[in-house]
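K.L.:
Below is a structure I'd like to ask you about.
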Amino acid sequence: MDYKAPVEAYTGVVREVTIGKGNKSLKIGGENTLPLHFFDQGLNPNRVKFALEVLDMKPEDWPEHAVEPYRDVIPDPVSWAKKCQSFGVDAVSLFLVSTDPAVKNAPAGKAAALTKEVAEAINVPLIVYGSGDDKKDVEVLSKVAEVCDGMNLLIGPVLKENYEAVGKAILDHGHTAIAQSPLDINLLKELNVKLSKIFPPDRIVIDPLSSALGYGMEYSFSLIERVKQIGVI
């Protein structure tokens with residue numbers, strides 16, 4: 001008797017989100033299968049995307065092997081982003097680490113001008129992360145959204161402490177939001193519900209901070225499965 005692998009039915013659908021504009025646009029999401037369940041019936045219209053991160057300042061604590069591929073461009077974020085693009089990335093992620101009050105406390109205007117310069121220098125979508133300081137990010141990410149009006153950048157983190165102010169700026173200037181929460185299903189749902197009241201669901205990408213080093217691979221993976229099963233993405 002031939003063996004037939006069981007096929008699980010999944011009724012949820014991950015929303016398809018578009019980031020970038022025109023020939024720089026990129027679609028993510030859209031699948032209606034569980035993670036890695038390629039053998040089940042369902043669709044996965046957009047393959048997993050590959051992005052590389054660029055810092056807005058020269059990193060001081062990176063190990064030698066991490067610095068080596070970017071040694072010739074690492075002092076200049078624009079050149080660094082172009083170098084990442086030459087590696088065949090689907091997107092570039094710009095981390096505005098210098099705006100952190102505990103680092104350089106760089107002004108919002110400077111960060112926004114750099115972000116626009118990077119976005120215009122590459123031909124793939126740009127992801128922008130603030131420092132993670134919920135108060136400073138209101139100023140920084142709001143200015144980034146304004147200066148890069150209409151570019152449909154993927155901007156975050158949008159946190160429960162600042163989602164109204166940052167979310168409004170992102171929405172008003174035609175961008176997509178990164179809703180960030182700890183790897184906790186209830187906190188993730190709470191932020192999604194709040195943000196969805198002021199923001200179109202198809203312009204939200206969640207970042208549940210998959211903390212495999214702290215929680216463990218098994219816990220992290222099972223929670224991501226649960227996220228997809230209950231449809232909070």
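Scheme for the structure tokens: letters A, B, ... for chains in order shown; per-chain residue numbers from 1; ligand numbers from 1 in order shown.
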Name the residues in contact with Asp202 (chain A) at a cut-off of 10 Å, using only C-alpha atoms, excluding same-chain residues fewer than 3 positions from it; report them as number ranges by chain.

P.N.:
A: 14-18, 176-177, 196, 199, 205, 233

K.L.:
Could the residues in this selection be saved with all heavy atoms as a CSV table (one decimal), in the first residue's frame?

P.N.:
chain,number,residue,atom,x,y,z
A,14,VAL,N,-1.8,35.1,4.9
A,14,VAL,CA,-1.0,36.3,5.2
A,14,VAL,C,-1.2,37.4,4.2
A,14,VAL,O,-1.2,37.1,3.0
A,14,VAL,CB,0.5,35.8,5.3
A,14,VAL,CG1,1.4,37.0,5.5
A,14,VAL,CG2,0.7,34.8,6.3
A,15,ARG,N,-1.4,38.6,4.7
A,15,ARG,CA,-1.6,39.7,3.8
A,15,ARG,C,-0.4,39.9,2.9
A,15,ARG,O,0.7,39.9,3.4
A,15,ARG,CB,-2.0,40.9,4.5
A,15,ARG,CG,-3.3,40.9,5.3
A,15,ARG,CD,-3.6,42.2,5.9
A,15,ARG,NE,-4.8,42.2,6.7
A,15,ARG,CZ,-6.0,42.3,6.3
A,15,ARG,NH1,-6.2,42.6,5.0
A,15,ARG,NH2,-7.1,42.3,7.1
A,16,GLU,N,-0.7,40.2,1.6
A,16,GLU,CA,0.4,40.6,0.7
A,16,GLU,C,0.7,42.1,0.9
A,16,GLU,O,-0.3,42.9,0.9
A,16,GLU,CB,0.0,40.3,-0.7
A,16,GLU,CG,1.2,40.5,-1.7
A,16,GLU,CD,0.8,40.0,-3.1
A,16,GLU,OE1,0.0,40.7,-3.7
A,16,GLU,OE2,1.4,39.0,-3.5
A,17,VAL,N,1.9,42.5,1.1
A,17,VAL,CA,2.3,43.9,1.3
A,17,VAL,C,3.3,44.3,0.2
A,17,VAL,O,4.2,43.5,-0.1
A,17,VAL,CB,2.9,44.1,2.7
A,17,VAL,CG1,3.3,45.5,2.9
A,17,VAL,CG2,1.9,43.7,3.8
A,18,THR,N,3.1,45.5,-0.3
A,18,THR,CA,4.0,46.0,-1.3
A,18,THR,C,4.9,47.1,-0.6
A,18,THR,O,4.3,48.0,0.0
A,18,THR,CB,3.3,46.6,-2.5
A,18,THR,OG1,2.6,45.5,-3.1
A,18,THR,CG2,4.3,47.1,-3.5
A,176,THR,N,5.0,52.3,4.6
A,176,THR,CA,4.5,51.1,5.3
A,176,THR,C,5.2,50.9,6.6
A,176,THR,O,6.4,51.2,6.8
A,176,THR,CB,4.8,49.8,4.4
A,176,THR,OG1,4.2,50.0,3.1
A,176,THR,CG2,4.3,48.6,5.0
A,177,ALA,N,4.5,50.4,7.6
A,177,ALA,CA,4.9,50.4,9.0
A,177,ALA,C,5.4,49.0,9.4
A,177,ALA,O,4.9,48.0,9.0
A,177,ALA,CB,3.8,50.8,9.9
A,196,SER,N,-4.1,48.9,13.8
A,196,SER,CA,-5.1,48.7,12.7
A,196,SER,C,-6.2,49.6,12.8
A,196,SER,O,-6.9,49.8,11.8
A,196,SER,CB,-5.6,47.2,12.7
A,196,SER,OG,-4.6,46.3,12.4
A,199,PHE,N,-4.5,52.5,10.8
A,199,PHE,CA,-3.6,52.1,9.8
A,199,PHE,C,-4.1,51.0,8.9
A,199,PHE,O,-4.7,50.0,9.5
A,199,PHE,CB,-2.2,51.7,10.3
A,199,PHE,CG,-1.0,52.1,9.5
A,199,PHE,CD1,-0.4,53.3,9.8
A,199,PHE,CD2,-0.6,51.3,8.5
A,199,PHE,CE1,0.7,53.7,9.1
A,199,PHE,CE2,0.5,51.7,7.8
A,199,PHE,CZ,1.2,52.9,8.0
A,205,VAL,N,3.7,45.4,8.5
A,205,VAL,CA,4.5,44.2,8.5
A,205,VAL,C,4.9,44.1,10.0
A,205,VAL,O,5.4,45.0,10.6
A,205,VAL,CB,5.8,44.4,7.6
A,205,VAL,CG1,6.7,43.2,7.8
A,205,VAL,CG2,5.4,44.6,6.2
A,233,ILE,N,-1.0,38.3,11.5
A,233,ILE,CA,-0.1,39.0,10.6
A,233,ILE,C,-0.9,39.9,9.7
A,233,ILE,O,-1.8,39.5,9.1
A,233,ILE,CB,0.7,38.0,9.8
A,233,ILE,CG1,1.6,37.2,10.8
A,233,ILE,CG2,1.7,38.7,8.8
A,233,ILE,CD1,2.5,36.2,10.1

K.L.:
What's the 12 Å shell around Lys194 (chain A), counting only C-alpha atoms, without same-chain residues fewer than 2 positions away, as a list of chain:residue names?

P.N.:
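Once the nearby chain positions are removed, what remains is A:Val158, A:Leu159, A:Lys160, A:Glu161, A:Asn162, A:Tyr163, A:Glu164, A:Gly167, A:Ala179, A:Leu187, A:Leu188, A:Lys189, A:Glu190, A:Leu191, A:Asn192, A:Ser196, A:Lys197, A:Ile198, A:Phe199, A:Pro200, A:Pro201, A:Ile204.
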
K.L.:
When distances are computed from only C-alpha atoms, which of A:Tyr3, A:Tyr215, A:Phe38, A:Phe50 shows the smallest separation from Pro125 (chain A)?

P.N.:
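Residue with the minimum atom-to-atom distance to Pro125 (chain A): A:Phe50.
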
K.L.:
Near Ala121 (chain A), within 9 Å and counting only C-alpha atoms, which residues show up once chain neighbours fewer than 4 positions away are dropped, as a PyMOL selection string?

P.N.:
chain A and resi 78-79+81-82+116-117

K.L.:
Would you pick out the contacts of region 65-75 of chain A at 10 Å or less, using only C-alpha atoms, so that residues sharing its chain but fewer than 6 positions from it are not included, and give the list as a PyMOL selection string?

P.N.:
chain A and resi 54-59+81-84

K.L.:
Restrict the selected residues to N, CA, C and O atoms and save them as an mmCIF file, in the first residue's frame.

P.N.:
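Now in out_30.cif:
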data_model
loop_
_atom_site.group_PDB
_atom_site.id
_atom_site.type_symbol
_atom_site.label_atom_id
_atom_site.label_comp_id
_atom_site.auth_asym_id
_atom_site.auth_seq_id
_atom_site.Cartn_x
_atom_site.Cartn_y
_atom_site.Cartn_z
ATOM 1 N N VAL A 54 22.638 48.196 6.665
ATOM 2 C CA VAL A 54 23.636 49.262 6.616
ATOM 3 C C VAL A 54 23.451 50.131 7.847
ATOM 4 O O VAL A 54 22.316 50.462 8.207
ATOM 5 N N LEU A 55 24.537 50.507 8.502
ATOM 6 C CA LEU A 55 24.468 51.414 9.632
ATOM 7 C C LEU A 55 24.745 52.839 9.163
ATOM 8 O O LEU A 55 25.479 53.045 8.186
ATOM 9 N N ASP A 56 24.171 53.815 9.859
ATOM 10 C CA ASP A 56 24.403 55.206 9.469
ATOM 11 C C ASP A 56 25.676 55.777 10.090
ATOM 12 O O ASP A 56 25.940 56.976 9.987
ATOM 13 N N MET A 57 26.461 54.937 10.731
ATOM 14 C CA MET A 57 27.751 55.326 11.287
ATOM 15 C C MET A 57 28.669 54.110 11.266
ATOM 16 O O MET A 57 28.200 52.969 11.204
ATOM 17 N N LYS A 58 29.960 54.358 11.299
ATOM 18 C CA LYS A 58 30.903 53.256 11.280
ATOM 19 C C LYS A 58 30.800 52.453 12.569
ATOM 20 O O LYS A 58 30.915 53.005 13.664
ATOM 21 N N PRO A 59 30.562 51.157 12.481
ATOM 22 C CA PRO A 59 30.458 50.350 13.696
ATOM 23 C C PRO A 59 31.805 50.239 14.399
ATOM 24 O O PRO A 59 32.832 50.041 13.757
ATOM 25 N N ALA A 81 25.435 50.970 1.046
ATOM 26 C CA ALA A 81 24.169 50.462 0.512
ATOM 27 C C ALA A 81 24.337 49.981 -0.927
ATOM 28 O O ALA A 81 23.781 48.949 -1.325
ATOM 29 N N LYS A 82 25.109 50.714 -1.711
ATOM 30 C CA LYS A 82 25.356 50.297 -3.094
ATOM 31 C C LYS A 82 26.133 48.978 -3.133
ATOM 32 O O LYS A 82 25.886 48.134 -3.994
ATOM 33 N N LYS A 83 27.068 48.828 -2.216
ATOM 34 C CA LYS A 83 27.849 47.583 -2.151
ATOM 35 C C LYS A 83 26.927 46.411 -1.815
ATOM 36 O O LYS A 83 27.040 45.323 -2.399
ATOM 37 N N CYS A 84 26.013 46.618 -0.881
ATOM 38 C CA CYS A 84 25.037 45.572 -0.543
ATOM 39 C C CYS A 84 24.210 45.200 -1.766
ATOM 40 O O CYS A 84 23.924 44.028 -2.009
#

K.L.:
Which parts of region 16-216 of chain A does DSSP call strand (DSSP E or B) when run on the backbone here, written out as number ranges by chain?

P.N.:
A: 17-19, 26-28, 51-55, 91-95, 126-129, 154-158, 176-180, 204-207

K.L.:
Would you mind listing what lies within 8 Å of Ile127 (chain A) as a PDB file with N, CA and C atoms, in the first residue's frame, with only C-alpha atoms counted and same-chain residues fewer than 5 positions away left out?

P.N.:
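Final output, result.pdb:
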ATOM      1  N   ALA A  91      16.405  43.934  -0.919  1.00  0.00           N
ATOM      2  CA  ALA A  91      16.160  45.193  -0.232  1.00  0.00           C
ATOM      3  C   ALA A  91      17.376  45.534   0.621  1.00  0.00           C
ATOM      4  N   VAL A  92      17.480  46.797   0.990  1.00  0.00           N
ATOM      5  CA  VAL A  92      18.528  47.264   1.904  1.00  0.00           C
ATOM      6  C   VAL A  92      17.852  47.805   3.150  1.00  0.00           C
ATOM      7  N   SER A  93      18.429  47.508   4.316  1.00  0.00           N
ATOM      8  CA  SER A  93      17.885  47.996   5.581  1.00  0.00           C
ATOM      9  C   SER A  93      18.869  48.982   6.196  1.00  0.00           C
ATOM     10  N   LEU A  94      18.403  50.197   6.452  1.00  0.00           N
ATOM     11  CA  LEU A  94      19.232  51.254   7.035  1.00  0.00           C
ATOM     12  C   LEU A  94      18.898  51.399   8.511  1.00  0.00           C
ATOM     13  N   LEU A 153       8.668  53.688   1.881  1.00  0.00           N
ATOM     14  CA  LEU A 153       9.689  52.961   2.625  1.00  0.00           C
ATOM     15  C   LEU A 153       9.018  52.075   3.663  1.00  0.00           C
ATOM     16  N   LEU A 154       9.708  51.041   4.089  1.00  0.00           N
ATOM     17  CA  LEU A 154       9.235  50.193   5.188  1.00  0.00           C
ATOM     18  C   LEU A 154       9.913  50.719   6.448  1.00  0.00           C
ATOM     19  N   ILE A 155       9.137  51.364   7.336  1.00  0.00           N
ATOM     20  CA  ILE A 155       9.697  52.142   8.447  1.00  0.00           C
ATOM     21  C   ILE A 155       9.285  51.575   9.797  1.00  0.00           C
TER      22      ILE A 155
END

K.L.:
Nearest to Glu225 (chain A) among A:Val97, A:Ile28, A:Ala5, A:Leu36, with distances taken over only C-alpha atoms: which residue is it?

P.N.:
A:Leu36

K.L.:
Would you give me, as an MDAnalysis selection string, the residues in region 30-119 of chain A that DSSP reads as helix (DSSP H, G or I)?

P.N.:
chainID A and resid 64:70 77:86 97:99 108:119

K.L.:
Would you put the residues from that selection into a file with C-alpha atoms, as a compact mmCIF listing (two decimals), in the first residue's frame?

P.N.:
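For reference, out-v1.txt as written:
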# COMPACT_ATOMS: atom_id res chain seq x y z
CA GLU A 64 37.05 41.67 11.75
CA HIS A 65 35.27 39.07 9.61
CA ALA A 66 32.09 41.18 9.59
CA VAL A 67 33.91 44.36 8.59
CA GLU A 68 36.04 42.81 5.84
CA PRO A 69 33.45 42.69 2.99
CA TYR A 70 32.64 46.38 3.50
CA PRO A 77 26.36 54.61 4.26
CA VAL A 78 25.43 55.48 0.66
CA SER A 79 28.41 53.57 -0.77
CA TRP A 80 27.76 50.80 1.73
CA ALA A 81 24.17 50.46 0.51
CA LYS A 82 25.36 50.30 -3.09
CA LYS A 83 27.85 47.58 -2.15
CA CYS A 84 25.04 45.57 -0.54
CA GLN A 85 23.02 45.96 -3.72
CA SER A 86 25.90 44.48 -5.73
CA VAL A 97 21.86 53.81 15.22
CA SER A 98 23.53 57.22 15.56
CA THR A 99 20.22 58.83 16.53
CA ALA A 108 16.37 63.87 13.11
CA GLY A 109 16.96 66.16 10.15
CA LYS A 110 20.40 64.71 9.48
CA ALA A 111 19.07 61.15 9.68
CA ALA A 112 16.19 61.96 7.34
CA ALA A 113 18.47 63.58 4.75
CA LEU A 114 20.77 60.55 4.80
CA THR A 115 17.82 58.19 4.46
CA LYS A 116 16.59 60.01 1.36
CA GLU A 117 20.09 59.97 -0.13
CA VAL A 118 20.39 56.22 0.40
CA ALA A 119 16.89 55.56 -0.96

K.L.:
Using only C-alpha atoms, which protein or nucleic acid residues come within 10 Å of region 10-13 of chain A? Drop anything in the same chain fewer than 3 positions from it, and give the result as JSON, numbers by chain.

P.N.:
{"A": [7, 16, 29, 30, 31, 32, 33, 34, 40, 41, 42, 43, 44, 228, 229, 230, 231, 232, 233]}

K.L.:
For Glu146 (chain A), which residue among A:Leu195, A:Ala169, A:Ile185, A:Val89 is the nearest when counting only C-alpha atoms?

P.N.:
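Under the stated criterion, the closest residue is A:Ala169.
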
K.L.:
Have a look at CA of Val144 (chain A) and CA of Leu171 (chain A) and let me know their distance in Å, one decimal.

P.N.:
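Value for the CA of Val144 (chain A)-CA of Leu171 (chain A) distance: 12.2 Å.
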
K.L.:
Find the residues near Lys21 (chain A): any atom within 8 Å, counting only C-alpha atoms, skip ones fewer than 3 places away on the same chain, and give them as a ChimeraX atom specification.

P.N.:
/A:24-25,125,151-152

K.L.:
Rounded to one decimal place, report the CA of Glu60 (chain A)-CA of Pro182 (chain A) distance in Å.

P.N.:
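These two atoms are separated by 26.8 Å.
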